[in-house]
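Enquirer: Submitted below is the structure of interest, expressed as structure tokens.
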2 protein chains.
Amino acid sequence: MTSTEGVGALFDRWQQRRLEPSQCPVRDVLDRLGDKWTSLIVVALAARDHRFAALHRAIPDISKRMLTQTLRDLERDGLVSRHVFPTTPPSVEYRLTPLGHSMLDPLGALVAWAESRHSEIRTARAVFDQRAA
Amino acid sequence: MTSTEGVGALFDRWQQRRLEPSQCPVRDVLDRLGDKWTSLIVVALAARDHRFAALHRAIPDISKRMLTQTLRDLERDGLVSRHVFPTTPPSVEYRLTPLGHSMLDPLGALVAWAESRHSEIRTARAVFDQRAA
DNA sequence: CTCCATTGGTCTCTATGTGAGACCTGGCCT
DNA sequence: AGGCCAGGTCTCACATAGAGACCAATGGAG
């Protein structure tokens, strides 16, 4: 079965379960990727482990508040682990867990899609905006 | 090269380009998937074409406001097409474009990952919440 | 001829989420 | 004693999202 058929079939199963978010793995998981920063942080941590400040430098337009919050959520979901070192001042390193690493293949597929289709999307936007004006 | 290395390498390229969102395909595209409803709508339309009200029934907890807005964004990006039929009252059908269909394979990979890892994530959450309390 | 229901939205108001940036902690160096 | 560092938390202001009333055009019921 292709992924396409798979997604359609999955949708029908959702319908049967009436899309209760707590029952639906996809809602549960895509809602997390469905925030502005999660995937960006995962990709940054895929490249290498990062300390808090380094992560903030890597993704300059996230606020400390959201960085903390997103990291906590990722930690809670078991995708990221947090390691405190007793230096002074204490330093904290964030790493992908094996579970986090297991997400990189599918996420990579999406990223590859994004790269290959980007120009097509930008063209579509330009056409749409042209037509609107 | 594995997707993992691919994602890491991509990250380094982002760093070089300083992550300017308009220059970065991944920001550009993941920001769109990074809203609460886009992927859900794409998956619904993957199963079959939908009219506005049917889509609203399929995803009951989206507001009309956000449904309209998300559909417009998807249309603008060329992932979804809008077809108006001159019935009375006029009916509108939404369909995935070929570009939209091309996203289903990578999206399906992510969905499959979500399904297979869901119980692991739920366990991790329970452990984290336990520890916090 | 009037009244109502229908579809695909838009509008307004409120609630929630996000960002900016000040502040905190506490040990070390000068 | 004063200032610095990392890794946060806190508060306030603003942007975004949700709920639900409202709308326009038409066809059918009475």
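If you're wondering about the labels, chains in the structure tokens are A, B, ... by order shown, residues count from 1 in each chain, ligands from 1 in order shown.
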Per residue of chain A within 7 Å of chain D, which atom pair is closest and at what distance in Å (one decimal), using only C-alpha atoms (C1' of nucleotides), listed by chain and increasing number, as a tab-separated table?
Expert:
```
residue	atom	partner	partner_atom	distance
A:Pro89	CA	D:DA6	C1'	5.4
A:Pro90	CA	D:DA6	C1'	6.3
A:Ser91	CA	D:DA6	C1'	6.1
```
Enquirer: Save the residues we just selected, N, CA, C and O atoms, as a short mmCIF file (atom, residue, chain, number, x, y, z; two decimals), in the first residue's frame?
Expert:
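Printed below is again33.cif as written:
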```cif
data_model
loop_
_atom_site.label_atom_id
_atom_site.label_comp_id
_atom_site.auth_asym_id
_atom_site.auth_seq_id
_atom_site.Cartn_x
_atom_site.Cartn_y
_atom_site.Cartn_z
N PRO A 89 28.62 28.89 36.33
CA PRO A 89 27.22 28.53 36.62
C PRO A 89 26.87 27.21 35.95
O PRO A 89 27.50 26.86 34.95
N PRO A 90 25.91 26.51 36.44
CA PRO A 90 25.56 25.21 35.88
C PRO A 90 25.24 25.31 34.39
O PRO A 90 24.65 26.30 33.95
N SER A 91 25.65 24.34 33.64
CA SER A 91 25.30 24.34 32.22
C SER A 91 24.36 23.18 31.94
O SER A 91 24.37 22.16 32.63
#
```
Enquirer: Quick one: which residues from chain B are at most 10 Å off chain C, using only C-alpha atoms (C1' of nucleotides), as a list in words?
Expert: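 Within 10 Å of chain C on chain B, we get Arg51, Phe52, Ala53, Lys64, Arg65, Thr68, Thr87, Thr88, Pro89, Pro90, Ser91 and Val92 of chain B.
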Enquirer: Taking only C-alpha atoms into account, find every residue of chain B that has an atom no more than 6 Å from chain A, and write it out as a list of chain:residue names.
Expert: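 Close to chain A, chain B has B:Ser3, B:Thr4, B:Val7, B:Gly8, B:Pro25, B:Val26, B:Val29, B:Gly34, B:Asp35, B:Lys36, B:Ala46, B:Ala47, B:Arg76, B:Asp77, B:Gly78, B:Leu104, B:Asp105, B:Pro106, B:Gly108, B:Ala109, B:Leu110, B:Ala114, B:Glu115, B:His118, B:Ile121, B:Ala124, B:Arg125, B:Phe128.
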Enquirer: Give the strand (DSSP E or B) residues of range 13-98 of chain A, as DSSP finds them on the backbone, and put them as a count of residues only.
Expert: 14
Enquirer: Could you pull out all residues of range 33-109 of chain A with a DSSP call of alpha helix (DSSP H) and give them as a ChimeraX atom specification?
Expert: /A:33,38-47,52-58,64-76,98-102,104-109
Enquirer: Using Å and a single decimal, report how far CA of His56 in chain A sits from CA of Ala133 in chain B.
Expert: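 Those two atoms sit 28.5 Å apart.
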Enquirer: Take CA of Arg131 in chain A and CA of Ile41 in chain B and report the distance between them in Å, one decimal.
Expert: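 Rounded to one decimal, the two atoms are 23.9 Å apart.
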Enquirer: Please report the interatomic distance between CA of Ala54 in chain B and CA of Arg13 in chain A in Å with one decimal.
Expert: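 So the two atoms, CA of Ala54 in chain B and CA of Arg13 in chain A, lie 16.4 Å apart.
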Enquirer: Using only C-alpha atoms (C1' of nucleotides), which residues sit within 7 Å of Arg95 in chain A once same-chain residues fewer than 5 positions away are excluded, as a PyMOL selection string?
Expert: chain A and resi 45+49-50+80-82
